[in-house]
Amino acid sequence: VPAFATDVLTHHNDPARTGAVIDEKTLSPATLKEQGFGKLFSLVVDGQIYAQPLVVAGLEFPGKGVRSAVFVATMRNMVYAFDAEGGEPSPLWKTYLGAPMPYDRIPKDAGALLLGQYNIRRYIGITSTPVIDRANKLMYVVAKIAEPLCPGVEIATAACPVVYRIHALDISSGSVMRKTDIRIPLKNPAVPEEDIARRQLQRPALLLVNHRVYAAFGAHQ
């Protein structure tokens, strides 16, 4: 079935996360039966993909003209823009947001300690689905960053920090327009402030409402 790109700017298409496409007229039982439906192409990225890919149709890329693009974020903290028509294996742009945290630095539960079982391997970077502000041509994306990597060190310290950092990327070039570390308001006197981000996982998709970006956190494992 011929596919025509339409904007998918947030997880499951809308803030209610319904996944609905109200004006969908191409895909139907009849067209699928008559023309078939399947994979058109595949692309290579660096890292696992936990985030939903997003799509922007008819976007001007400097030096490349107007394209419909699919945006992919990975657990290695890579963000890519690809031609959504699949004509080019190379990305329109790619941006690296910093070293992700190795999986074995998370707080250990019984499964990890006794059985070596982890929900995520090998890196924890961009886990949640970003969100796109089409009007301002910005993508907001949250990355878990551990620089330096500090092999063998579990607790985050000033010398071996782990942070959650939100970035605003220009969707036409991948340039980082703004970035800031997120301060997670965990109130537990037993947890040092510099170790809070290491202990948390930013899994739920980002939400953009009334010019504000919302990010939710929960524990690992």
# chains A, B, ... in the order shown; residues from 1 in each chain; ligands from 1
>>> select_by_dssp(residues="range 105-209 of chain A", states="strand (DSSP E)", output="MDAnalysis selection string")
chainID A and resid 123:124 131:133 138:145 163:170 176:181 200:201 207:209
>>> write_last_selection(atoms="N, CA and C atoms", output="CSV table (one decimal), in the first residue's frame")
chain,number,residue,atom,x,y,z
A,123,TYR,N,23.1,-0.6,27.9
A,123,TYR,CA,23.2,0.8,28.2
A,123,TYR,C,21.8,1.4,28.5
A,124,ILE,N,21.8,2.4,29.4
A,124,ILE,CA,20.5,3.1,29.6
A,124,ILE,C,20.8,4.6,29.2
A,131,VAL,N,9.4,14.2,22.2
A,131,VAL,CA,8.2,14.9,21.8
A,131,VAL,C,8.7,16.1,20.9
A,132,ILE,N,7.9,16.4,19.8
A,132,ILE,CA,8.3,17.4,18.9
A,132,ILE,C,7.3,18.6,18.9
A,133,ASP,N,7.9,19.8,19.0
A,133,ASP,CA,7.2,21.0,18.9
A,133,ASP,C,7.3,21.5,17.4
A,138,LEU,N,11.4,22.1,17.1
A,138,LEU,CA,12.2,21.6,18.2
A,138,LEU,C,11.8,20.2,18.6
A,139,MET,N,12.7,19.3,18.9
A,139,MET,CA,12.4,18.1,19.5
A,139,MET,C,13.0,18.1,20.9
A,140,TYR,N,12.2,17.7,21.9
A,140,TYR,CA,12.7,17.6,23.3
A,140,TYR,C,12.9,16.1,23.6
A,141,VAL,N,14.1,15.8,24.1
A,141,VAL,CA,14.5,14.5,24.4
A,141,VAL,C,15.3,14.4,25.7
A,142,VAL,N,15.1,13.4,26.5
A,142,VAL,CA,15.8,13.3,27.8
A,142,VAL,C,16.7,12.1,27.7
A,143,ALA,N,18.0,12.3,28.1
A,143,ALA,CA,19.0,11.3,28.0
A,143,ALA,C,19.6,11.1,29.4
A,144,LYS,N,19.9,9.8,29.8
A,144,LYS,CA,20.6,9.5,31.0
A,144,LYS,C,22.1,9.5,30.6
A,145,ILE,N,22.9,10.3,31.3
A,145,ILE,CA,24.3,10.5,30.9
A,145,ILE,C,25.2,10.2,32.1
A,163,VAL,N,23.5,11.9,35.4
A,163,VAL,CA,22.5,13.0,35.3
A,163,VAL,C,21.5,12.6,34.3
A,164,TYR,N,20.3,13.2,34.5
A,164,TYR,CA,19.3,13.2,33.4
A,164,TYR,C,19.3,14.6,32.8
A,165,ARG,N,19.4,14.7,31.5
A,165,ARG,CA,19.6,16.0,30.9
A,165,ARG,C,18.5,16.1,29.8
A,166,ILE,N,17.8,17.2,29.8
A,166,ILE,CA,16.8,17.4,28.7
A,166,ILE,C,17.4,18.3,27.7
A,167,HIS,N,17.2,18.0,26.4
A,167,HIS,CA,17.8,18.7,25.3
A,167,HIS,C,16.6,19.2,24.4
A,168,ALA,N,16.8,20.3,23.8
A,168,ALA,CA,16.0,20.8,22.7
A,168,ALA,C,16.8,20.8,21.4
A,169,LEU,N,16.4,19.9,20.5
A,169,LEU,CA,17.2,19.8,19.2
A,169,LEU,C,16.4,20.5,18.1
A,170,ASP,N,17.2,21.1,17.2
A,170,ASP,CA,16.6,21.7,16.0
A,170,ASP,C,16.3,20.5,15.1
A,176,VAL,N,21.9,21.1,19.1
A,176,VAL,CA,21.4,21.2,20.4
A,176,VAL,C,21.2,22.7,20.7
A,177,MET,N,19.9,23.1,20.7
A,177,MET,CA,19.6,24.5,20.9
A,177,MET,C,19.7,24.9,22.4
A,178,ARG,N,19.2,24.0,23.3
A,178,ARG,CA,19.2,24.2,24.7
A,178,ARG,C,19.4,22.9,25.4
A,179,LYS,N,19.9,22.9,26.6
A,179,LYS,CA,20.0,21.7,27.4
A,179,LYS,C,20.1,22.1,28.9
A,180,THR,N,19.6,21.3,29.7
A,180,THR,CA,19.7,21.5,31.2
A,180,THR,C,19.5,20.2,31.9
A,181,ASP,N,20.2,20.1,33.1
A,181,ASP,CA,20.0,18.9,33.9
A,181,ASP,C,18.7,19.0,34.6
A,200,GLN,N,16.9,6.4,39.3
A,200,GLN,CA,15.6,6.6,38.7
A,200,GLN,C,15.7,6.2,37.2
A,201,LEU,N,14.5,5.9,36.6
A,201,LEU,CA,14.4,5.6,35.2
A,201,LEU,C,13.3,6.5,34.5
A,207,LEU,N,5.7,14.6,27.4
A,207,LEU,CA,4.4,15.2,27.0
A,207,LEU,C,4.6,16.7,26.9
A,208,LEU,N,4.1,17.3,25.8
A,208,LEU,CA,4.2,18.7,25.6
A,208,LEU,C,2.8,19.3,25.6
A,209,VAL,N,2.5,20.1,26.6
A,209,VAL,CA,1.2,20.7,26.8
A,209,VAL,C,1.4,22.2,27.3
>>> select_by_dssp(residues="range 11-162 of chain A", states="alpha helix (DSSP H)", output="MDAnalysis selection string")
chainID A and resid 29:35 110
>>> closest_residue(among="A:Val70, A:Ile155, A:Ile171, A:Ile182", to="Arg199 in chain A", atoms="only C-alpha atoms")
A:Ile155
>>> closest_atom_pairs(of="range 78-135 of chain A", to="range 6-14 of chain A", cutoff="12 Å", atoms="only C-alpha atoms", output="tab-separated table")
residue	atom	partner	partner_atom	distance
A:Ala84	CA	A:Thr6	CA	10.3
A:Glu85	CA	A:Thr6	CA	12.0
A:Ser128	CA	A:His11	CA	9.3
A:Thr129	CA	A:His11	CA	6.3
A:Pro130	CA	A:Thr10	CA	7.0
A:Val131	CA	A:Thr10	CA	4.9
A:Ile132	CA	A:Leu9	CA	5.0
A:Asp133	CA	A:Leu9	CA	7.3
A:Arg134	CA	A:Leu9	CA	7.5
A:Ala135	CA	A:Leu9	CA	11.0
>>> atom_distance(atom1="CA of Ile120 in chain A", atom2="CA of Gly98 in chain A")
18.4 Å
>>> atom_distance(atom1="CA of Gly86 in chain A", atom2="CA of Pro15 in chain A")
28.0 Å
>>> closest_atom_pairs(of="range 94-131 of chain A", to="range 191-196 of chain A", cutoff="12 Å", atoms="only C-alpha atoms", output="Markdown table")
| residue | atom | partner | partner_atom | distance |
| --- | --- | --- | --- | --- |
| A:Arg105 | CA | A:Asp195 | CA | 10.9 |
| A:Ile106 | CA | A:Asp195 | CA | 10.4 |
| A:Pro107 | CA | A:Asp195 | CA | 10.3 |
>>> closest_residue(among="A:Asp83, A:Asp109, A:Glu147, A:Glu88", to="Pro161 in chain A", atoms="only C-alpha atoms")
A:Glu147
>>> residues_around(residues="Ala216 in chain A", least_positions_apart="5", cutoff="9 Å", atoms="only C-alpha atoms", output="list in words")
Leu201, Gln202, Arg203, Pro204, Ala205 and Leu206 of chain A
>>> closest_residue(among="A:Val213, A:Ala16, A:Ala73, A:Ala81", to="Leu59 in chain A", atoms="only C-alpha atoms")
A:Ala81
>>> atom_distance(atom1="CA of Gly36 in chain A", atom2="CA of Pro53 in chain A")
22.9 Å
>>> residues_around(residues="range 91-95 of chain A", least_positions_apart="5", cutoff="7 Å", atoms="only C-alpha atoms", output="VMD selection string")
chain A and resid 78 to 83 173 to 174
>>> write_last_selection(atoms="C-alpha atoms", output="PDB file, in the first residue's frame")
ATOM      1  CA  MET A  78      22.051   8.780  19.596  1.00  0.00           C
ATOM      2  CA  VAL A  79      19.294  10.700  17.802  1.00  0.00           C
ATOM      3  CA  TYR A  80      18.820  10.274  14.052  1.00  0.00           C
ATOM      4  CA  ALA A  81      16.753  11.885  11.311  1.00  0.00           C
ATOM      5  CA  PHE A  82      16.180   9.619   8.293  1.00  0.00           C
ATOM      6  CA  ASP A  83      14.352  10.149   5.026  1.00  0.00           C
ATOM      7  CA  SER A 173      19.814  20.065  11.658  1.00  0.00           C
ATOM      8  CA  GLY A 174      20.087  18.071  14.913  1.00  0.00           C
TER       9      GLY A 174
END
